[in-house]
Amino acid sequence: MGFSRKRAGRNGRVRYTAYYKDLKGRERSAGTFPNKKDADKAWQRAETQLAEGRVGDPARGRMTFARYVEETWLPHHQMEASTRQRYTYSLRKYILPEFGPMRMVDILPEHVRAWVARLRDEGVSAGTINANKAILSAVFTTALNDQVTFVHPCKGVKTPPVATKPRTIITPEQFDTLYWALPDARMRLLVETAIESGLRWGELSELRTHDLDPRSSVLTVSRAVVEVNPRFHPTGGRFHVKDYPKDREYRRFKLSPPLVRRLADHITAYALKPQDLLFAAEEGPSPEKRLRPVPDPDALGLTEPNAHGRQYKHGTLSGYSAGKCKCEHCKGAYAHYRAQRRAKGKDEPRHPRTRDTDGHIPADWFRRQVWRPALSRAEVGQRVRFHDLRHAHASWLLAGGADLQVVKERLGHSDIATTARYLHTLPEADETALTALDSIRGRARGG
């Protein structure tokens, strides 16, 4: 039961403070008033709101957005380590600079619309705007549920449309060229396992010997690894192993006998134990970056004028230092200069960097040291990400006549509509339609 308490004000006048008890039995103030009648109405109103379920403390809505996010939402909101990292970076880059100083109760749909328009005018992509608005919406959904605020400012706010682009799938012929451009047999086996299984990178790089049953050729996918900044890792590491794949459901499927035999030979050759990673990072420092040859400076033209209006040849030390040019040719000339000085003992030798890994292959190392050089050598004629092998796996299976439901379960999709997007994605997929069209048109031509 609420009550009013009389007290003396600063100017000697009597004031009345209204009190009520919250759900935990703690006394809360509903405000201070000049007379007992208004104070009684205030605590009665607070108790009514409490009974209706509107139990929020008005003071919480007066905290700034930045304080709410950093002290309440981020620490207590359940999410994956990689998601927490991505949300934190997005909040600090796009959202907190706009809404951080504002009070939670003051943020309205008009402010969100203005923010969306500003990001669009600054050239931020539609996909990035949509992703950041989704994060902002998640913050206010929690705030609304916890009755920190009673308005959801993201409701009804539209963002620029994101166009769905058609997938360009690597063909078997292009993959074969890329396969033989890989540096060694171990990397070729890793990539062959990726194209035949359709595994995501986090699932593939966490595969262990006991996940493969050579007798039945069955592979079990039950874990995934994510690479995060140590401050987002539960124990301060870099690689966080989750006891479930992305879809949170184990899956089992068969690999081809030839691939299983090669994997079994790989296990034997490396003397891998059941708990060992199937594809582990090799120990030792990262390979030194190869210096690119610098073209003839006389054929590269001149740099932009510096502060004194002077220009220098591209691909020269003067272009880099005096001309302040940071093009690949000028940086290459400076890299060659530094390498020559180190070789002559004039500068301290560069200490080789070691890869920060617990045995898992770092995705960025694989991308820079293995994947991109192989793509450059193969010259497949299109940009291919490692994840595109998963897309190719689905497309090839469906083009070869595999059942849609089987492909869905193999890939671990939660919705069969996601799997259906891979139908007719190969370049030759429309040939049957063109043949049918030509056959019908041939009737009119008497063919």
# chains A, B, ... in the order shown; residues from 1 in each chain; ligands from 1
call {"tool": "closest_atom_pairs", "arguments": {"of": "range 148-232 of chain A", "to": "range 251-274 of chain A", "cutoff": "7 Å", "atoms": "only C-alpha atoms", "output": "JSON lines"}}
result
{"residue": "A:Arg208", "atom": "CA", "partner": "A:Pro274", "partner_atom": "CA", "distance": 6.8}
{"residue": "A:Thr209", "atom": "CA", "partner": "A:Pro274", "partner_atom": "CA", "distance": 4.8}
{"residue": "A:His210", "atom": "CA", "partner": "A:Pro274", "partner_atom": "CA", "distance": 4.7}
{"residue": "A:Pro214", "atom": "CA", "partner": "A:Val260", "partner_atom": "CA", "distance": 6.3}
{"residue": "A:Ser217", "atom": "CA", "partner": "A:Lys254", "partner_atom": "CA", "distance": 5.4}
{"residue": "A:Val218", "atom": "CA", "partner": "A:Lys254", "partner_atom": "CA", "distance": 4.3}
{"residue": "A:Leu219", "atom": "CA", "partner": "A:Arg252", "partner_atom": "CA", "distance": 5.6}
{"residue": "A:Thr220", "atom": "CA", "partner": "A:Arg252", "partner_atom": "CA", "distance": 4.5}
{"residue": "A:Val221", "atom": "CA", "partner": "A:Arg251", "partner_atom": "CA", "distance": 5.4}
{"residue": "A:Ser222", "atom": "CA", "partner": "A:Arg251", "partner_atom": "CA", "distance": 6.9}
call {"tool": "select_by_dssp", "arguments": {"residues": "range 173-206 of chain A", "states": "alpha helix (DSSP H)", "output": "list of chain:residue names"}}
result
A:Glu173, A:Gln174, A:Phe175, A:Asp176, A:Thr177, A:Leu178, A:Tyr179, A:Trp180, A:Ala181, A:Ala185, A:Arg186, A:Met187, A:Arg188, A:Leu189, A:Leu190, A:Val191, A:Glu192, A:Thr193, A:Ala194, A:Ile195, A:Glu196, A:Ser197, A:Trp201, A:Gly202, A:Glu203, A:Leu204
call {"tool": "write_last_selection", "arguments": {"atoms": "N, CA and C atoms", "output": "tab-separated table (two decimals), in the first residue's frame"}}
result
chain	number	residue	atom	x	y	z
A	173	GLU	N	34.53	-26.72	-64.51
A	173	GLU	CA	35.76	-26.49	-65.27
A	173	GLU	C	36.61	-25.40	-64.61
A	174	GLN	N	35.97	-24.33	-64.15
A	174	GLN	CA	36.70	-23.27	-63.46
A	174	GLN	C	37.28	-23.77	-62.13
A	175	PHE	N	36.49	-24.59	-61.43
A	175	PHE	CA	36.99	-25.13	-60.16
A	175	PHE	C	38.20	-26.02	-60.39
A	176	ASP	N	38.19	-26.80	-61.45
A	176	ASP	CA	39.32	-27.69	-61.72
A	176	ASP	C	40.60	-26.88	-61.95
A	177	THR	N	40.47	-25.76	-62.67
A	177	THR	CA	41.62	-24.89	-62.90
A	177	THR	C	42.13	-24.30	-61.59
A	178	LEU	N	41.19	-23.85	-60.75
A	178	LEU	CA	41.55	-23.29	-59.45
A	178	LEU	C	42.18	-24.35	-58.54
A	179	TYR	N	41.64	-25.55	-58.60
A	179	TYR	CA	42.13	-26.64	-57.75
A	179	TYR	C	43.61	-26.90	-57.99
A	180	TRP	N	44.03	-26.95	-59.24
A	180	TRP	CA	45.42	-27.25	-59.55
A	180	TRP	C	46.33	-26.04	-59.36
A	181	ALA	N	45.75	-24.87	-59.13
A	181	ALA	CA	46.56	-23.68	-58.84
A	181	ALA	C	46.87	-23.54	-57.36
A	185	ALA	N	49.30	-30.35	-51.81
A	185	ALA	CA	48.28	-31.40	-51.74
A	185	ALA	C	47.36	-31.21	-50.53
A	186	ARG	N	47.90	-30.70	-49.42
A	186	ARG	CA	47.08	-30.50	-48.22
A	186	ARG	C	46.00	-29.46	-48.46
A	187	MET	N	46.36	-28.35	-49.10
A	187	MET	CA	45.38	-27.31	-49.39
A	187	MET	C	44.38	-27.78	-50.45
A	188	ARG	N	44.85	-28.59	-51.39
A	188	ARG	CA	43.92	-29.13	-52.39
A	188	ARG	C	42.91	-30.06	-51.74
A	189	LEU	N	43.35	-30.84	-50.76
A	189	LEU	CA	42.43	-31.74	-50.06
A	189	LEU	C	41.42	-30.94	-49.25
A	190	LEU	N	41.85	-29.85	-48.61
A	190	LEU	CA	40.94	-29.00	-47.85
A	190	LEU	C	39.87	-28.41	-48.76
A	191	VAL	N	40.28	-27.89	-49.90
A	191	VAL	CA	39.33	-27.28	-50.83
A	191	VAL	C	38.42	-28.32	-51.45
A	192	GLU	N	38.96	-29.51	-51.75
A	192	GLU	CA	38.12	-30.58	-52.29
A	192	GLU	C	37.07	-31.02	-51.27
A	193	THR	N	37.44	-31.06	-49.99
A	193	THR	CA	36.47	-31.39	-48.95
A	193	THR	C	35.38	-30.31	-48.88
A	194	ALA	N	35.78	-29.05	-49.06
A	194	ALA	CA	34.81	-27.95	-49.02
A	194	ALA	C	33.80	-28.06	-50.15
A	195	ILE	N	34.25	-28.33	-51.37
A	195	ILE	CA	33.34	-28.37	-52.52
A	195	ILE	C	32.44	-29.60	-52.46
A	196	GLU	N	32.93	-30.70	-51.88
A	196	GLU	CA	32.11	-31.92	-51.84
A	196	GLU	C	31.17	-31.95	-50.65
A	197	SER	N	31.48	-31.19	-49.58
A	197	SER	CA	30.63	-31.21	-48.39
A	197	SER	C	29.72	-29.99	-48.28
A	201	TRP	N	33.22	-22.23	-43.59
A	201	TRP	CA	34.61	-22.22	-43.15
A	201	TRP	C	34.74	-22.60	-41.68
A	202	GLY	N	33.87	-22.08	-40.83
A	202	GLY	CA	33.95	-22.38	-39.41
A	202	GLY	C	33.70	-23.84	-39.09
A	203	GLU	N	32.88	-24.51	-39.92
A	203	GLU	CA	32.63	-25.94	-39.73
A	203	GLU	C	33.79	-26.77	-40.27
A	204	LEU	N	34.32	-26.36	-41.42
A	204	LEU	CA	35.41	-27.10	-42.06
A	204	LEU	C	36.69	-27.02	-41.23
call {"tool": "residues_around", "arguments": {"residues": "range 324-341 of chain A", "least_positions_apart": "5", "cutoff": "10 Å", "atoms": "only C-alpha atoms", "output": "PyMOL selection string"}}
result
chain A and resi 291-297+300+302-307+311-319+346-350
call {"tool": "residues_around", "arguments": {"residues": "Thr357 in chain A", "least_positions_apart": "4", "cutoff": "10 Å", "atoms": "only C-alpha atoms", "output": "PDB file with N, CA, C and O atoms, in the first residue's frame"}}
result
ATOM      1  N   GLU A 227      36.413 -16.883 -35.172  1.00  0.00           N
ATOM      2  CA  GLU A 227      37.613 -16.139 -34.801  1.00  0.00           C
ATOM      3  C   GLU A 227      37.198 -14.731 -34.407  1.00  0.00           C
ATOM      4  O   GLU A 227      36.558 -14.026 -35.195  1.00  0.00           O
ATOM      5  N   GLY A 237      40.659 -15.779 -25.514  1.00  0.00           N
ATOM      6  CA  GLY A 237      41.384 -16.362 -26.640  1.00  0.00           C
ATOM      7  C   GLY A 237      41.000 -15.693 -27.946  1.00  0.00           C
ATOM      8  O   GLY A 237      40.376 -14.629 -27.973  1.00  0.00           O
ATOM      9  N   ARG A 238      41.368 -16.335 -29.051  1.00  0.00           N
ATOM     10  CA  ARG A 238      41.003 -15.811 -30.372  1.00  0.00           C
ATOM     11  C   ARG A 238      40.035 -16.731 -31.107  1.00  0.00           C
ATOM     12  O   ARG A 238      39.185 -16.273 -31.848  1.00  0.00           O
ATOM     13  N   PHE A 239      40.152 -18.029 -30.880  1.00  0.00           N
ATOM     14  CA  PHE A 239      39.274 -18.986 -31.557  1.00  0.00           C
ATOM     15  C   PHE A 239      38.278 -19.549 -30.546  1.00  0.00           C
ATOM     16  O   PHE A 239      38.672 -20.121 -29.528  1.00  0.00           O
ATOM     17  N   ALA A 280      44.940 -28.588 -39.748  1.00  0.00           N
ATOM     18  CA  ALA A 280      45.471 -27.698 -38.720  1.00  0.00           C
ATOM     19  C   ALA A 280      46.457 -26.713 -39.330  1.00  0.00           C
ATOM     20  O   ALA A 280      47.044 -26.969 -40.393  1.00  0.00           O
ATOM     21  N   ALA A 281      46.630 -25.595 -38.647  1.00  0.00           N
ATOM     22  CA  ALA A 281      47.608 -24.603 -39.095  1.00  0.00           C
ATOM     23  C   ALA A 281      48.999 -25.167 -38.900  1.00  0.00           C
ATOM     24  O   ALA A 281      49.289 -25.801 -37.877  1.00  0.00           O
ATOM     25  N   GLU A 282      49.858 -24.962 -39.870  1.00  0.00           N
ATOM     26  CA  GLU A 282      51.233 -25.417 -39.742  1.00  0.00           C
ATOM     27  C   GLU A 282      51.973 -24.489 -38.790  1.00  0.00           C
ATOM     28  O   GLU A 282      51.788 -23.276 -38.802  1.00  0.00           O
ATOM     29  N   GLU A 283      52.837 -25.060 -37.952  1.00  0.00           N
ATOM     30  CA  GLU A 283      53.561 -24.261 -36.979  1.00  0.00           C
ATOM     31  C   GLU A 283      54.635 -23.430 -37.661  1.00  0.00           C
ATOM     32  O   GLU A 283      55.095 -23.744 -38.752  1.00  0.00           O
ATOM     33  N   ILE A 361      43.253 -22.996 -38.510  1.00  0.00           N
ATOM     34  CA  ILE A 361      43.784 -22.182 -39.597  1.00  0.00           C
ATOM     35  C   ILE A 361      43.079 -20.823 -39.573  1.00  0.00           C
ATOM     36  O   ILE A 361      41.855 -20.766 -39.707  1.00  0.00           O
ATOM     37  N   PRO A 362      43.799 -19.708 -39.390  1.00  0.00           N
ATOM     38  CA  PRO A 362      43.153 -18.387 -39.419  1.00  0.00           C
ATOM     39  C   PRO A 362      42.563 -18.111 -40.807  1.00  0.00           C
ATOM     40  O   PRO A 362      43.233 -18.318 -41.824  1.00  0.00           O
TER      41      PRO A 362
END
call {"tool": "closest_residue", "arguments": {"among": "A:Glu70, A:Phe366, A:Gly381, A:Met104", "to": "Gln147 in chain A", "atoms": "only C-alpha atoms"}}
result
A:Met104
call {"tool": "closest_atom_pairs", "arguments": {"of": "range 115-134 of chain A", "to": "range 79-97 of chain A", "cutoff": "12 Å", "atoms": "only C-alpha atoms", "output": "tab-separated table"}}
result
residue	atom	partner	partner_atom	distance
A:Trp115	CA	A:Ile95	CA	8.8
A:Val116	CA	A:Tyr94	CA	10.3
A:Arg118	CA	A:Tyr94	CA	10.8
A:Leu119	CA	A:Tyr94	CA	8.5
A:Arg120	CA	A:Tyr94	CA	11.9
A:Glu122	CA	A:Tyr94	CA	11.5
A:Val124	CA	A:Tyr94	CA	9.9
A:Thr128	CA	A:Ser90	CA	9.3
A:Ile129	CA	A:Tyr94	CA	8.9
A:Asn130	CA	A:Tyr94	CA	11.6
A:Ala131	CA	A:Ser90	CA	8.8
A:Asn132	CA	A:Ser90	CA	6.7
A:Lys133	CA	A:Ile95	CA	8.6
A:Ala134	CA	A:Tyr87	CA	10.1
call {"tool": "select_by_dssp", "arguments": {"residues": "range 249-435 of chain A", "states": "strand (DSSP E)", "output": "NGL selection string"}}
result
:A and (251-254)
call {"tool": "write_last_selection", "arguments": {"atoms": "C-alpha atoms", "output": "mmCIF file, in the first residue's frame"}}
result
data_model
loop_
_atom_site.group_PDB
_atom_site.id
_atom_site.type_symbol
_atom_site.label_atom_id
_atom_site.label_comp_id
_atom_site.auth_asym_id
_atom_site.auth_seq_id
_atom_site.Cartn_x
_atom_site.Cartn_y
_atom_site.Cartn_z
ATOM 1 C CA ARG A 251 23.872 -33.084 -39.438
ATOM 2 C CA ARG A 252 25.323 -36.216 -40.988
ATOM 3 C CA PHE A 253 25.898 -37.027 -44.649
ATOM 4 C CA LYS A 254 28.092 -39.150 -46.869
#
call {"tool": "residues_around", "arguments": {"residues": "Gln405 in chain A", "least_positions_apart": "5", "cutoff": "12 Å", "atoms": "only C-alpha atoms", "output": "mmCIF file with N, CA and C atoms, in the first residue's frame"}}
result
data_model
loop_
_atom_site.group_PDB
_atom_site.id
_atom_site.type_symbol
_atom_site.label_atom_id
_atom_site.label_comp_id
_atom_site.auth_asym_id
_atom_site.auth_seq_id
_atom_site.Cartn_x
_atom_site.Cartn_y
_atom_site.Cartn_z
ATOM 1 N N ALA A 394 25.811 -26.653 -53.634
ATOM 2 C CA ALA A 394 24.349 -26.760 -53.737
ATOM 3 C C ALA A 394 23.892 -26.726 -55.195
ATOM 4 N N LEU A 397 24.733 -30.013 -57.095
ATOM 5 C CA LEU A 397 23.871 -31.121 -56.694
ATOM 6 C C LEU A 397 22.496 -31.019 -57.353
ATOM 7 N N LEU A 398 21.915 -29.823 -57.303
ATOM 8 C CA LEU A 398 20.574 -29.643 -57.866
ATOM 9 C C LEU A 398 20.590 -29.766 -59.384
ATOM 10 N N ARG A 410 21.588 -31.533 -46.242
ATOM 11 C CA ARG A 410 23.046 -31.612 -46.365
ATOM 12 C C ARG A 410 23.701 -30.279 -46.009
ATOM 13 N N LEU A 411 23.068 -29.184 -46.427
ATOM 14 C CA LEU A 411 23.618 -27.853 -46.179
ATOM 15 C C LEU A 411 23.251 -27.313 -44.795
ATOM 16 N N GLY A 412 22.219 -27.901 -44.179
ATOM 17 C CA GLY A 412 21.809 -27.418 -42.861
ATOM 18 C C GLY A 412 20.950 -26.176 -42.928
ATOM 19 N N HIS A 413 20.203 -25.998 -44.026
ATOM 20 C CA HIS A 413 19.293 -24.850 -44.138
ATOM 21 C C HIS A 413 18.057 -25.092 -43.276
ATOM 22 N N SER A 414 17.568 -24.042 -42.631
ATOM 23 C CA SER A 414 16.354 -24.167 -41.835
ATOM 24 C C SER A 414 15.102 -24.042 -42.687
ATOM 25 N N ASP A 415 15.222 -23.428 -43.859
ATOM 26 C CA ASP A 415 14.073 -23.188 -44.733
ATOM 27 C C ASP A 415 14.404 -23.718 -46.125
ATOM 28 N N ILE A 416 13.512 -24.514 -46.688
ATOM 29 C CA ILE A 416 13.773 -25.089 -48.009
ATOM 30 C C ILE A 416 13.793 -24.018 -49.099
ATOM 31 N N ALA A 417 13.150 -22.859 -48.828
ATOM 32 C CA ALA A 417 13.173 -21.764 -49.811
ATOM 33 C C ALA A 417 14.596 -21.254 -50.001
ATOM 34 N N THR A 418 15.416 -21.321 -48.948
ATOM 35 C CA THR A 418 16.824 -20.917 -49.071
ATOM 36 C C THR A 418 17.560 -21.840 -50.029
ATOM 37 N N THR A 419 17.292 -23.130 -49.921
ATOM 38 C CA THR A 419 17.933 -24.106 -50.808
ATOM 39 C C THR A 419 17.449 -23.930 -52.238
ATOM 40 N N ALA A 420 16.181 -23.614 -52.411
ATOM 41 C CA ALA A 420 15.604 -23.492 -53.755
ATOM 42 C C ALA A 420 16.234 -22.364 -54.565
#
call {"tool": "residues_around", "arguments": {"residues": "Gly61 in chain A", "least_positions_apart": "2", "cutoff": "12 Å", "atoms": "only C-alpha atoms", "output": "PyMOL selection string"}}
result
chain A and resi 56-59+63-65+67-68+102-107+140+143-144+146-151
call {"tool": "atom_distance", "arguments": {"atom1": "CA of Asp358 in chain A", "atom2": "CA of Arg223 in chain A"}}
result
16.1 Å
call {"tool": "residues_around", "arguments": {"residues": "range 372-375 of chain A", "least_positions_apart": "3", "cutoff": "6 Å", "atoms": "only C-alpha atoms", "output": "PyMOL selection string"}}
result
chain A and resi 181-182+367-368+378
